[in-house]
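Chemist: Sharing query28.cif (mmCIF, C-alpha atoms) below.
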```
data_input
#
loop_
_atom_site.label_atom_id
_atom_site.label_comp_id
_atom_site.auth_asym_id
_atom_site.auth_seq_id
_atom_site.Cartn_x
_atom_site.Cartn_y
_atom_site.Cartn_z
CA MET F 23 79.02 108.42 87.52
CA THR F 24 76.10 110.45 88.69
CA VAL F 25 73.27 109.87 91.10
CA SER F 26 70.57 108.01 89.19
CA LEU F 27 66.82 108.42 89.37
CA VAL F 28 63.87 106.05 89.39
CA VAL F 29 60.50 107.62 88.61
CA VAL F 30 57.60 105.72 90.16
CA SER F 31 54.02 106.45 89.26
CA HIS F 32 50.66 104.70 89.29
CA SER F 33 50.66 105.48 85.56
CA ALA F 34 53.23 104.08 83.14
CA LYS F 35 52.68 107.03 80.81
CA LEU F 36 53.20 109.52 83.59
CA ALA F 37 56.40 107.82 84.75
CA GLU F 38 57.74 107.76 81.21
CA GLY F 39 56.77 111.36 80.58
CA VAL F 40 58.41 112.62 83.74
CA SER F 41 61.53 110.56 82.98
CA GLU F 42 61.69 112.05 79.52
CA LEU F 43 61.33 115.58 80.81
CA ALA F 44 63.90 115.07 83.54
CA GLY F 45 66.26 113.42 81.09
CA GLN F 46 66.03 116.37 78.77
CA MET F 47 66.87 118.77 81.59
CA ALA F 48 69.90 116.67 82.45
CA HIS F 49 71.03 116.55 78.82
CA GLY F 50 71.27 112.79 78.99
CA LYS F 51 73.92 112.85 81.69
CA VAL F 52 71.81 111.13 84.31
CA ALA F 53 70.54 107.55 84.28
CA ILE F 54 66.77 107.68 84.75
CA ALA F 55 64.36 104.74 84.70
CA ALA F 56 60.58 104.83 84.67
CA ALA F 57 58.58 102.41 86.82
CA GLY F 58 54.93 103.17 86.31
CA GLY F 59 51.76 101.10 86.38
CA THR F 60 51.29 97.43 87.13
CA ALA F 61 52.83 94.43 85.46
CA GLU F 62 49.57 94.07 83.53
CA GLY F 63 49.89 97.57 82.16
CA GLU F 64 47.12 99.02 84.29
CA LEU F 65 47.06 101.91 86.70
CA GLY F 66 48.69 100.99 89.99
CA THR F 67 52.08 100.20 91.45
CA SER F 68 54.31 97.18 91.08
CA VAL F 69 57.16 96.19 93.36
CA GLU F 70 58.62 94.17 90.51
CA ARG F 71 58.61 97.11 88.09
CA ILE F 72 60.38 99.30 90.63
CA LEU F 73 62.90 96.56 91.32
CA GLU F 74 63.52 96.21 87.60
CA ALA F 75 64.11 99.94 87.29
CA LEU F 76 66.59 99.82 90.16
CA ARG F 77 68.43 96.98 88.50
CA GLN F 78 68.62 99.04 85.32
CA VAL F 79 69.98 102.31 86.67
CA ALA F 80 71.09 102.01 90.29
CA SER F 81 74.39 103.79 90.72
CA PRO F 82 77.29 103.37 93.15
CA ASP F 83 76.86 107.12 93.70
CA GLY F 84 73.34 106.47 94.88
CA THR F 85 69.82 106.46 93.52
CA LEU F 86 66.89 108.71 94.28
CA ILE F 87 63.34 107.42 93.87
CA LEU F 88 60.61 109.94 93.04
CA LEU F 89 56.98 108.93 93.38
CA ASP F 90 53.55 110.34 92.71
CA LEU F 91 51.34 109.40 95.65
CA GLY F 92 51.87 108.12 99.15
CA SER F 93 50.45 104.74 98.25
CA ALA F 94 53.52 104.10 96.10
CA VAL F 95 55.79 104.38 99.12
CA MET F 96 55.16 100.84 100.38
CA ALA F 97 55.85 99.31 96.99
CA ALA F 98 59.01 101.43 96.66
CA GLU F 99 60.16 100.43 100.14
CA MET F 100 59.67 96.76 99.40
CA ALA F 101 61.60 97.08 96.16
CA VAL F 102 64.43 98.93 97.91
CA GLU F 103 64.55 96.29 100.66
CA GLN F 104 64.85 93.52 98.13
CA PHE F 105 67.37 95.42 96.02
CA THR F 106 69.68 96.44 98.85
CA GLN F 107 69.82 92.86 100.07
CA LEU F 108 71.68 92.00 96.89
CA GLN F 109 73.49 95.25 96.10
CA ASP F 110 75.26 97.35 98.65
CA GLN F 111 74.15 100.62 97.08
CA ARG F 112 72.31 103.52 98.60
CA VAL F 113 68.76 104.21 97.53
CA THR F 114 66.72 107.07 98.95
CA ILE F 115 62.98 107.59 98.54
CA SER F 116 62.10 111.24 98.04
CA PRO F 117 59.05 112.99 99.54
CA ALA F 118 59.27 115.63 96.81
CA PRO F 119 56.45 116.25 94.35
CA LEU F 120 56.94 113.98 91.36
CA VAL F 121 57.53 116.39 88.50
CA GLU F 122 59.32 119.22 90.25
CA GLY F 123 61.35 116.76 92.31
CA ALA F 124 62.46 114.77 89.27
CA ILE F 125 63.52 117.85 87.36
CA VAL F 126 65.46 119.35 90.24
CA ALA F 127 67.05 115.99 91.02
CA ALA F 128 68.04 115.46 87.39
CA VAL F 129 69.70 118.86 87.12
CA GLU F 130 71.45 118.63 90.46
CA SER F 131 72.67 115.15 89.62
CA SER F 132 73.90 116.29 86.20
CA ILE F 133 76.32 118.70 87.85
CA GLY F 134 77.84 115.92 89.92
CA ASN F 135 76.20 116.46 93.30
CA THR F 136 76.07 113.73 95.92
CA LEU F 137 72.97 111.72 96.79
CA GLU F 138 72.45 113.84 99.91
CA GLU F 139 72.73 117.07 97.91
CA VAL F 140 70.41 115.82 95.18
CA ALA F 141 67.87 114.54 97.71
CA ASP F 142 68.04 117.79 99.65
CA ALA F 143 67.50 119.87 96.54
CA ALA F 144 64.54 117.72 95.49
CA ASN F 145 62.98 118.21 98.92
CA ASN F 146 63.16 121.95 98.37
CA ALA F 147 61.33 121.59 95.10
CA MET F 148 58.18 121.78 97.18
CA LEU F 149 58.96 125.44 97.79
CA LEU F 150 59.03 126.42 94.16
CA PRO F 151 56.35 128.95 93.28
CA LYS F 152 54.46 127.87 90.18
CA LEU F 153 52.78 131.14 89.51
CA GLN F 154 54.48 134.49 89.67
CA SER F 155 53.04 136.67 92.37
CA MET K 19 91.21 135.79 95.00
CA PRO K 20 89.74 137.75 92.14
CA VAL K 21 86.10 138.77 92.46
CA VAL K 22 84.26 139.60 89.28
CA GLU K 23 80.81 141.13 88.98
CA HIS K 24 78.68 141.85 85.95
CA ALA K 25 75.04 142.55 85.22
CA VAL K 26 72.83 141.40 82.35
CA VAL K 27 69.18 141.84 81.46
CA ILE K 28 66.96 138.84 80.73
CA THR K 29 65.56 139.11 77.23
CA ASN K 30 64.01 135.70 76.59
CA THR K 31 60.23 135.63 76.86
CA ILE K 32 59.71 133.06 79.61
CA GLY K 33 62.48 134.47 81.75
CA LEU K 34 64.36 132.33 84.24
CA HIS K 35 61.96 129.37 84.35
CA ALA K 36 62.88 125.70 84.58
CA ARG K 37 64.81 125.02 81.41
CA PRO K 38 66.85 128.27 81.27
CA ALA K 39 67.49 128.03 85.00
CA ALA K 40 68.81 124.50 84.55
CA LEU K 41 71.14 125.67 81.79
CA LEU K 42 72.38 128.45 84.04
CA VAL K 43 73.10 126.02 86.86
CA GLN K 44 74.82 123.56 84.57
CA GLU K 45 76.95 126.33 83.07
CA ALA K 46 77.92 127.64 86.50
CA ALA K 47 78.93 124.12 87.55
CA ARG K 48 81.61 124.06 84.88
CA PHE K 49 83.73 126.50 86.83
CA GLN K 50 85.73 126.37 90.08
CA ALA K 51 84.68 129.82 91.19
CA ARG K 52 82.02 130.40 93.79
CA ILE K 53 79.20 132.11 91.88
CA GLN K 54 76.23 134.06 93.16
CA VAL K 55 73.41 135.47 91.11
CA ARG K 56 71.40 138.42 92.37
CA SER K 57 67.99 139.61 91.26
CA GLY K 58 66.66 142.66 93.08
CA GLU K 59 66.85 141.88 96.79
CA LYS K 60 67.29 138.14 96.36
CA THR K 61 70.58 136.26 95.95
CA ALA K 62 71.10 132.65 95.00
CA ASN K 63 73.95 130.22 94.65
CA ALA K 64 74.22 129.81 90.89
CA ARG K 65 74.72 126.08 91.34
CA SER K 66 71.39 125.58 93.05
CA LEU K 67 68.43 125.08 90.73
CA VAL K 68 65.88 125.70 93.44
CA GLY K 69 67.74 128.82 94.55
CA VAL K 70 67.89 130.19 91.02
CA LEU K 71 64.23 129.40 90.37
CA LYS K 72 63.20 131.12 93.58
CA LEU K 73 64.62 134.36 92.21
CA GLY K 74 61.54 134.38 90.00
CA ALA K 75 63.40 136.51 87.48
CA GLY K 76 61.30 137.29 84.44
CA LEU K 77 61.70 139.06 81.16
CA GLY K 78 63.34 142.46 81.65
CA THR K 79 64.88 141.60 85.03
CA THR K 80 68.52 142.45 85.65
CA LEU K 81 70.65 139.60 86.92
CA VAL K 82 73.95 140.38 88.62
CA PHE K 83 76.54 137.61 88.54
CA GLN K 84 79.28 137.73 91.12
CA ALA K 85 82.05 135.15 91.05
CA GLU K 86 85.03 134.57 93.32
CA GLY K 87 87.90 132.29 92.40
CA ASP K 88 90.62 131.60 89.88
CA ASP K 89 88.28 131.30 86.93
CA ALA K 90 85.86 133.99 88.12
CA ALA K 91 86.22 136.12 85.02
CA GLU K 92 85.64 133.20 82.67
CA ALA K 93 82.64 132.06 84.70
CA VAL K 94 80.92 135.43 84.67
CA GLN K 95 81.64 135.87 80.98
CA ALA K 96 80.12 132.48 80.15
CA LEU K 97 77.00 133.15 82.22
CA ILE K 98 76.47 136.60 80.72
CA ALA K 99 76.84 135.11 77.26
CA LEU K 100 74.25 132.43 78.09
CA VAL K 101 71.70 135.03 79.14
CA GLU K 102 72.46 137.20 76.11
CA ARG K 103 71.94 134.16 73.85
CA LYS K 104 68.44 133.94 75.42
CA PHE K 105 69.49 130.55 76.78
CA ASP K 106 69.38 129.26 73.17
CA GLU K 107 65.59 129.35 73.40
CA GLU K 108 64.62 131.80 70.70
CA MET Q 15 43.93 68.98 117.33
CA PRO Q 16 46.34 71.31 115.55
CA ILE Q 17 46.04 73.16 112.27
CA THR Q 18 47.95 71.05 109.76
CA THR Q 19 49.52 71.69 106.38
CA GLU Q 20 46.41 70.16 104.85
CA ASP Q 21 44.19 72.51 106.85
CA THR Q 22 46.26 75.44 105.67
CA LEU Q 23 45.88 74.41 102.05
CA ASN Q 24 42.12 73.99 102.52
CA TRP Q 25 41.89 77.39 104.12
CA LEU Q 26 43.78 79.12 101.34
CA ARG Q 27 41.83 77.37 98.58
CA GLN Q 28 38.56 78.24 100.23
CA LEU Q 29 39.78 81.78 100.77
CA ALA Q 30 40.36 82.17 97.04
CA LEU Q 31 36.74 81.12 96.47
CA VAL Q 32 35.41 83.42 99.18
CA LEU Q 33 37.35 86.42 97.90
CA HIS Q 34 36.15 85.65 94.41
CA GLU Q 35 32.55 85.51 95.58
CA GLN Q 36 32.92 88.67 97.62
CA ARG Q 37 34.88 90.63 95.03
CA THR Q 38 31.99 92.86 94.06
CA TYR Q 39 31.10 93.53 97.66
CA LEU Q 40 34.68 94.45 98.54
CA THR Q 41 34.95 96.61 95.45
CA GLU Q 42 31.74 98.42 96.33
CA LEU Q 43 33.09 99.17 99.80
CA ASP Q 44 36.22 100.41 98.12
CA SER Q 45 34.33 102.65 95.67
CA ALA Q 46 32.83 104.51 98.58
CA ILE Q 47 36.13 105.40 100.16
CA GLY Q 48 38.93 104.07 97.99
CA ASP Q 49 39.87 103.58 94.37
CA ALA Q 50 37.31 100.85 93.72
CA ASP Q 51 39.67 97.96 93.14
CA HIS Q 52 40.09 96.15 96.45
CA GLY Q 53 37.81 93.25 95.54
CA ILE Q 54 39.36 92.90 92.11
CA ASN Q 55 42.84 92.98 93.56
CA MET Q 56 42.20 90.42 96.27
CA ASP Q 57 40.44 88.14 93.80
CA ARG Q 58 43.35 88.34 91.39
CA GLY Q 59 45.92 87.84 94.12
CA PHE Q 60 44.29 84.80 95.62
CA LYS Q 61 43.52 83.29 92.25
CA ALA Q 62 47.25 83.39 91.64
CA VAL Q 63 47.83 81.94 95.10
CA SER Q 64 45.45 79.09 94.31
CA GLU Q 65 47.35 78.25 91.18
CA LYS Q 66 50.70 78.31 92.91
CA LEU Q 67 49.42 76.08 95.71
CA GLN Q 68 48.37 73.31 93.37
CA THR Q 69 51.87 71.89 93.41
CA GLN Q 70 52.50 72.43 97.12
CA THR Q 71 51.27 69.51 99.15
CA GLU Q 72 54.26 68.17 100.99
CA THR Q 73 55.64 71.33 102.43
CA ASP Q 74 55.51 73.07 105.83
CA ILE Q 75 53.00 75.74 106.78
CA GLY Q 76 55.64 78.48 106.94
CA SER Q 77 56.67 77.87 103.35
CA LEU Q 78 53.05 77.97 102.21
CA LEU Q 79 52.43 81.28 103.94
CA LYS Q 80 55.62 82.76 102.50
CA LEU Q 81 54.54 81.66 99.06
CA VAL Q 82 51.22 83.41 99.58
CA GLY Q 83 53.13 86.52 100.62
CA THR Q 84 55.42 86.67 97.61
CA THR Q 85 52.54 85.88 95.26
CA LEU Q 86 50.42 88.69 96.67
CA VAL Q 87 53.26 91.18 96.37
CA SER Q 88 53.67 90.45 92.70
CA THR Q 89 49.99 90.22 91.78
CA VAL Q 90 48.20 92.71 93.97
CA GLY Q 91 48.88 96.35 93.33
CA GLY Q 92 48.03 99.32 95.49
CA ALA Q 93 48.43 99.09 99.21
CA SER Q 94 47.02 95.59 99.68
CA GLY Q 95 49.87 93.84 97.89
CA PRO Q 96 52.65 95.17 100.07
CA LEU Q 97 50.51 95.01 103.22
CA TYR Q 98 49.07 91.52 102.87
CA GLY Q 99 52.27 90.36 101.23
CA THR Q 100 54.28 91.44 104.24
CA ALA Q 101 51.66 90.02 106.62
CA PHE Q 102 51.85 86.58 105.04
CA LEU Q 103 55.63 86.68 104.71
CA ARG Q 104 56.00 87.47 108.40
CA ALA Q 105 53.41 84.85 109.31
CA GLY Q 106 55.44 82.43 107.23
CA LEU Q 107 58.60 83.25 109.14
CA ALA Q 108 56.81 82.79 112.46
CA THR Q 109 55.63 79.32 111.41
CA ALA Q 110 58.71 78.23 109.51
CA GLY Q 111 59.25 74.50 109.37
CA LYS Q 112 56.01 73.72 111.20
CA ARG Q 113 53.51 71.19 109.93
CA GLU Q 114 51.19 71.62 112.88
CA LEU Q 115 50.02 74.78 114.54
CA TYR Q 116 48.82 74.79 118.12
CA ALA Q 117 47.24 77.66 120.04
CA ALA Q 118 50.53 79.41 120.73
CA ASP Q 119 51.50 79.09 117.07
CA TYR Q 120 48.24 80.59 115.90
CA VAL Q 121 48.72 83.54 118.23
CA ALA Q 122 52.32 83.92 117.04
CA LEU Q 123 51.13 83.85 113.45
CA LEU Q 124 48.62 86.64 114.08
CA GLU Q 125 51.18 88.66 116.01
CA ALA Q 126 53.74 88.39 113.25
CA ALA Q 127 51.22 89.31 110.58
CA LEU Q 128 50.06 92.31 112.56
CA GLU Q 129 53.60 93.50 113.26
CA GLY Q 130 54.39 93.17 109.58
CA ILE Q 131 51.40 95.27 108.60
CA LYS Q 132 52.25 97.95 111.17
CA ALA Q 133 55.88 98.08 110.05
CA ARG Q 134 54.94 98.23 106.38
CA GLY Q 135 51.96 100.57 106.55
CA LYS Q 136 52.96 102.64 109.57
CA ALA Q 137 49.38 102.85 110.76
CA GLN Q 138 47.95 102.51 114.24
CA PRO Q 139 44.55 101.16 115.29
CA GLY Q 140 41.79 103.74 114.93
CA GLU Q 141 42.85 105.01 111.53
CA LYS Q 142 40.22 102.98 109.70
CA THR Q 143 42.40 100.24 108.24
CA MET Q 144 42.80 96.46 108.34
CA LEU Q 145 44.48 96.94 111.72
CA ASP Q 146 41.07 97.75 113.14
CA ALA Q 147 39.98 94.18 112.45
CA LEU Q 148 43.27 92.45 113.20
CA THR Q 149 44.12 94.15 116.48
CA PRO Q 150 40.94 92.99 118.26
CA ALA Q 151 41.37 89.58 116.60
CA LEU Q 152 44.81 89.18 118.13
CA ALA Q 153 43.60 90.33 121.54
CA ALA Q 154 40.75 87.83 121.42
CA ALA Q 155 43.06 85.03 120.31
CA ARG Q 156 45.51 85.74 123.12
CA GLU Q 157 42.76 85.83 125.72
CA ALA Q 158 41.22 82.60 124.45
CA ALA Q 159 44.61 80.88 124.33
CA GLU Q 160 45.39 81.99 127.88
CA ALA Q 161 42.07 80.54 128.98
CA ASN Q 162 43.18 77.26 127.38
CA LEU Q 163 40.24 77.08 125.02
CA ASP Q 164 40.57 74.69 122.12
CA LEU Q 165 41.97 75.93 118.83
CA VAL Q 166 38.62 75.78 117.02
CA GLU Q 167 37.21 78.16 119.61
CA ILE Q 168 40.30 80.37 119.54
CA THR Q 169 40.14 80.82 115.79
CA ARG Q 170 36.38 81.45 116.01
CA ARG Q 171 36.82 84.15 118.64
CA ALA Q 172 39.54 85.81 116.64
CA SER Q 173 37.23 85.85 113.63
CA ASP Q 174 34.28 87.21 115.61
CA ALA Q 175 36.47 89.92 117.14
CA ALA Q 176 37.64 90.86 113.65
CA GLU Q 177 34.01 91.10 112.53
CA ALA Q 178 33.19 93.41 115.41
CA GLY Q 179 36.27 95.42 114.49
CA VAL Q 180 35.02 95.76 110.93
CA GLN Q 181 31.70 97.12 112.13
CA ALA Q 182 33.55 99.51 114.41
CA THR Q 183 35.35 101.02 111.41
CA ILE Q 184 32.10 102.44 110.08
CA PRO Q 185 32.03 105.66 112.12
CA LEU Q 186 35.79 106.21 111.93
CA ILE Q 187 37.41 108.95 109.91
CA ALA Q 188 40.24 107.56 107.85
CA THR Q 189 43.68 108.95 108.57
CA LYS Q 190 45.62 106.43 106.50
CA GLY Q 191 45.49 105.25 102.93
CA ARG Q 192 43.44 106.43 99.99
CA ALA Q 193 40.36 106.96 102.20
CA SER Q 194 42.20 109.58 104.19
CA TYR Q 195 41.96 111.94 101.22
CA LEU Q 196 38.21 111.97 101.85
CA GLY Q 197 38.61 113.14 105.42
CA GLU Q 198 35.29 113.35 107.17
CA ARG Q 199 33.47 111.92 104.18
CA SER Q 200 35.09 108.57 104.95
CA ALA Q 201 32.98 108.31 108.09
CA GLY Q 202 29.85 106.20 107.75
CA HIS Q 203 31.52 103.67 105.48
CA GLN Q 204 32.87 100.22 106.32
CA ASP Q 205 36.57 99.82 105.62
CA PRO Q 206 37.31 97.40 102.75
CA GLY Q 207 40.75 96.36 104.05
CA ALA Q 208 39.34 95.54 107.49
CA THR Q 209 36.59 93.57 105.75
CA SER Q 210 38.97 91.43 103.73
CA SER Q 211 41.10 90.85 106.86
CA TRP Q 212 38.04 89.56 108.63
CA LEU Q 213 37.16 87.28 105.70
CA ILE Q 214 40.66 85.81 105.83
CA LEU Q 215 40.34 84.96 109.51
CA LYS Q 216 36.75 83.81 109.17
CA THR Q 217 37.59 81.43 106.36
CA LEU Q 218 40.35 79.91 108.45
CA ALA Q 219 38.00 79.46 111.40
CA ASP Q 220 35.28 77.99 109.18
CA THR Q 221 37.42 75.52 107.26
CA TYR Q 222 39.29 74.40 110.35
CA ALA Q 223 36.07 73.92 112.33
CA ALA Q 224 34.51 71.97 109.47
CA ARG Q 225 37.50 69.65 109.23
CA SER Q 226 37.67 69.24 113.03
CA SER Q 227 34.03 68.24 113.26
CA GLN Q 228 34.59 65.49 110.70
CA THR Q 229 37.13 63.57 112.75
#
```
Any chance you could put this one into structure tokens?
Modeler:
Amino acid sequence: MTVSLVVVSHSAKLAEGVSELAGQMAHGKVAIAAAGGTAEGELGTSVERILEALRQVASPDGTLILLDLGSAVMAAEMAVEQFTQLQDQRVTISPAPLVEGAIVAAVESSIGNTLEEVADAANNAMLLPKLQS
Amino acid sequence: MPVVEHAVVITNTIGLHARPAALLVQEAARFQARIQVRSGEKTANARSLVGVLKLGAGLGTTLVFQAEGDDAAEAVQALIALVERKFDEE
Amino acid sequence: MPITTEDTLNWLRQLALVLHEQRTYLTELDSAIGDADHGINMDRGFKAVSEKLQTQTETDIGSLLKLVGTTLVSTVGGASGPLYGTAFLRAGLATAGKRELYAADYVALLEAALEGIKARGKAQPGEKTMLDALTPALAAAREAAEANLDLVEITRRASDAAEAGVQATIPLIATKGRASYLGERSAGHQDPGATSSWLILKTLADTYAARSSQT
């Protein structure tokens, strides 16, 4: 079992795209669920969608939630609160940038790291230089 | 504990960016040995994606793999081979 | 005379109408400093609340408020869903099992809602949010309750304090929420979340006063 990921975005397409990319980097070894957009299929966040994603992939080894903007944090927190009431599993919300965080988390999870190690690595994704100096 | 060290030059066009770096990390994770990868002045734990990416190693850069442990030789050999295969990119 | 289950239902039904009427106004406020959907969101949320309430006549006030909370969470996206959802859920807990609310209960309801919003949104007064309407409202309600004013007056003062709070958001620079991305450009605009908070309290005061004057 590996640490699983939930990718939260205001956009369903973005969440799916990031999940796909992260999944490719992890060579399918990591359970990743996308939770983007509202229940009506519009831009926005949905506590229910995030909860559904957690139900799909939450792992006894822990789950890391990546999100795009700060306004998704409240929805993610509410989903985690509801989820952890029923399942005694650890879920951490990451402050990492969505894309870089998801990719780093996926790779670090794929090599069997713990939730703390995966979360820590994702946090450091902020430091990655995009352009070569 | 055996310590093995070997250098290799990066020959794939995009260098050690995300996907090749991930492959490197995942390959390194297959072994017991403690593995470091050096590029110029910078050293990284070969099992850390962020560390490897921060090396910023591009085309033409020399990477030095240093491994310590029972399977150190195997580990270094596998990593060298990965780089020489251009990370199966081209 | 206390606020009853019937009063609560009247309030919430009227609130759905008010938020529907004011949806363009709220959305306009939100286009200036947000993502232009606050009015649409609140309208949708309370429309759903209205529908759910149709079958709820015999229950206690706490259960009604909790139902509002859970409905808002699942129908209102963005920040308002979690914030108002939590506010109503907490208000529901504070009034659990009650079919009549007296002054102390009304104050407790406001307190719980406010605490819920603070815990969920992690904002403080002065950041140009709904707290800037609700904090003065609570203070006014407490003061009025301590002075033993009747509940109609208490709810009216809370509403008026909220309105003043809304006006006071205009010069503020947002340091929370989507508006905070605008920095100084958020100053000079009335906060949409504070505005909808005020409308919620005002509608309660209005419907309760109207019913009280009938008897």
Chemist: From the list K:Ala36, K:Ala93, K:Leu100, K:Leu81, which residue is nearest Gly58 (chain K) when using only C-alpha atoms?
Modeler: K:Leu81
Chemist: Can you measure CA of Val68 (chain K) to CA of Ala143 (chain F) for me? One decimal in Å is fine.
Modeler: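 If I compute the distance from CA of Val68 (chain K) to CA of Ala143 (chain F), I get 6.8 Å.
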Chemist: Write out as a PyMOL selection string each polymer residue whose atoms come within 12 Å of Met148 (chain F), counting all atoms listed in the file; drop sequence neighbours fewer than 5 positions from it.
Modeler: (chain F and resi 116-126+142-143) or (chain K and resi 68+71-72)
Chemist: Once the PyMOL selection byres ((chain F and resi 94) around 9) is applied to the coordinates I shared, what remains selected? I want it as an MDAnalysis selection string.
Modeler: (chainID F and resid 30:32 66:68 89:93 95:99) or (chainID Q and resid 92:93)
Chemist: Can you spell out as a list of chain:residue names the set of residues that the PyMOL selection byres ((chain F) within 9 of (chain K)) selects in the structure I just provided?
Modeler: F:Met47, F:Ala48, F:Ile125, F:Val126, F:Val129, F:Glu130, F:Ser132, F:Ile133, F:Gly134, F:Ala143, F:Ala144, F:Asn146, F:Ala147, F:Leu149, F:Leu150, F:Pro151, F:Gln154
Chemist: Take the selection from the previous step and output its residues with C-alpha atoms, as a CSV table (one decimal), in the frame of the given file.
Modeler:
```csv
chain,number,residue,atom,x,y,z
F,47,MET,CA,66.9,118.8,81.6
F,48,ALA,CA,69.9,116.7,82.4
F,125,ILE,CA,63.5,117.8,87.4
F,126,VAL,CA,65.5,119.4,90.2
F,129,VAL,CA,69.7,118.9,87.1
F,130,GLU,CA,71.4,118.6,90.5
F,132,SER,CA,73.9,116.3,86.2
F,133,ILE,CA,76.3,118.7,87.8
F,134,GLY,CA,77.8,115.9,89.9
F,143,ALA,CA,67.5,119.9,96.5
F,144,ALA,CA,64.5,117.7,95.5
F,146,ASN,CA,63.2,122.0,98.4
F,147,ALA,CA,61.3,121.6,95.1
F,149,LEU,CA,59.0,125.4,97.8
F,150,LEU,CA,59.0,126.4,94.2
F,151,PRO,CA,56.4,129.0,93.3
F,154,GLN,CA,54.5,134.5,89.7
```
Chemist: List the residues matched by the PyMOL selection byres ((chain K and resi 83) around 7) in the displayed structure as a PDB file with C-alpha atoms, in the coordinates of the input, ordered by chain and then by residue number.
Modeler:
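Listed below is the output, result29.pdb:
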```
ATOM      1  CA  GLU K  23      80.810 141.130  88.980  1.00  0.00           C
ATOM      2  CA  HIS K  24      78.680 141.850  85.950  1.00  0.00           C
ATOM      3  CA  ALA K  25      75.040 142.550  85.220  1.00  0.00           C
ATOM      4  CA  ILE K  53      79.200 132.110  91.880  1.00  0.00           C
ATOM      5  CA  GLN K  54      76.230 134.060  93.160  1.00  0.00           C
ATOM      6  CA  VAL K  55      73.410 135.470  91.110  1.00  0.00           C
ATOM      7  CA  ARG K  56      71.400 138.420  92.370  1.00  0.00           C
ATOM      8  CA  LEU K  81      70.650 139.600  86.920  1.00  0.00           C
ATOM      9  CA  VAL K  82      73.950 140.380  88.620  1.00  0.00           C
ATOM     10  CA  GLN K  84      79.280 137.730  91.120  1.00  0.00           C
ATOM     11  CA  ALA K  85      82.050 135.150  91.050  1.00  0.00           C
ATOM     12  CA  VAL K  94      80.920 135.430  84.670  1.00  0.00           C
TER      13      VAL K  94
END
```
Chemist: Under the rule that all atoms listed in the file are counted, which of F:Glu138, F:Glu62, F:Asp110, F:Glu42 is the nearest residue to chain Q?
Modeler: F:Glu62
Chemist: Got a sec: who's within 9 Å of Tyr222 (chain Q), counting all atoms listed in the file, leaving out chain neighbours fewer than 5 positions off, as a PyMOL selection string?
Modeler: chain Q and resi 17+21-22+24-25+166+169+217+227
Chemist: Add whatever atoms are absent from region 53-65 of chain Q to reach N, CA and C atoms, and provide the output as a PDB file, keeping the file's coordinate frame.
Modeler:
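Result written to selection-v1.pdb:
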```pdb
ATOM      1  N   GLY Q  53      38.360  94.584  95.817  1.00  0.00           N
ATOM      2  CA  GLY Q  53      37.810  93.250  95.540  1.00  0.00           C
ATOM      3  C   GLY Q  53      38.512  92.611  94.346  1.00  0.00           C
ATOM      4  N   ILE Q  54      38.702  93.385  93.328  1.00  0.00           N
ATOM      5  CA  ILE Q  54      39.360  92.900  92.110  1.00  0.00           C
ATOM      6  C   ILE Q  54      40.787  92.471  92.427  1.00  0.00           C
ATOM      7  N   ASN Q  55      41.454  93.276  93.200  1.00  0.00           N
ATOM      8  CA  ASN Q  55      42.840  92.980  93.560  1.00  0.00           C
ATOM      9  C   ASN Q  55      42.965  91.713  94.380  1.00  0.00           C
ATOM     10  N   MET Q  56      42.118  91.594  95.405  1.00  0.00           N
ATOM     11  CA  MET Q  56      42.200  90.420  96.270  1.00  0.00           C
ATOM     12  C   MET Q  56      41.839  89.159  95.498  1.00  0.00           C
ATOM     13  N   ASP Q  57      40.849  89.276  94.629  1.00  0.00           N
ATOM     14  CA  ASP Q  57      40.440  88.140  93.800  1.00  0.00           C
ATOM     15  C   ASP Q  57      41.615  87.697  92.927  1.00  0.00           C
ATOM     16  N   ARG Q  58      42.234  88.664  92.274  1.00  0.00           N
ATOM     17  CA  ARG Q  58      43.350  88.340  91.390  1.00  0.00           C
ATOM     18  C   ARG Q  58      44.511  87.724  92.169  1.00  0.00           C
ATOM     19  N   GLY Q  59      44.812  88.320  93.309  1.00  0.00           N
ATOM     20  CA  GLY Q  59      45.920  87.840  94.120  1.00  0.00           C
ATOM     21  C   GLY Q  59      45.714  86.407  94.580  1.00  0.00           C
ATOM     22  N   PHE Q  60      44.520  86.131  95.081  1.00  0.00           N
ATOM     23  CA  PHE Q  60      44.290  84.800  95.620  1.00  0.00           C
ATOM     24  C   PHE Q  60      44.007  83.756  94.551  1.00  0.00           C
ATOM     25  N   LYS Q  61      43.624  84.208  93.382  1.00  0.00           N
ATOM     26  CA  LYS Q  61      43.520  83.290  92.250  1.00  0.00           C
ATOM     27  C   LYS Q  61      44.926  82.797  91.918  1.00  0.00           C
ATOM     28  N   ALA Q  62      45.852  83.744  91.911  1.00  0.00           N
ATOM     29  CA  ALA Q  62      47.250  83.390  91.640  1.00  0.00           C
ATOM     30  C   ALA Q  62      47.787  82.489  92.736  1.00  0.00           C
ATOM     31  N   VAL Q  63      47.413  82.777  93.973  1.00  0.00           N
ATOM     32  CA  VAL Q  63      47.830  81.940  95.100  1.00  0.00           C
ATOM     33  C   VAL Q  63      47.332  80.512  94.917  1.00  0.00           C
ATOM     34  N   SER Q  64      46.060  80.399  94.558  1.00  0.00           N
ATOM     35  CA  SER Q  64      45.450  79.090  94.310  1.00  0.00           C
ATOM     36  C   SER Q  64      46.232  78.280  93.302  1.00  0.00           C
ATOM     37  N   GLU Q  65      46.599  78.953  92.227  1.00  0.00           N
ATOM     38  CA  GLU Q  65      47.350  78.250  91.180  1.00  0.00           C
ATOM     39  C   GLU Q  65      48.693  77.777  91.684  1.00  0.00           C
TER      40      GLU Q  65
END
```
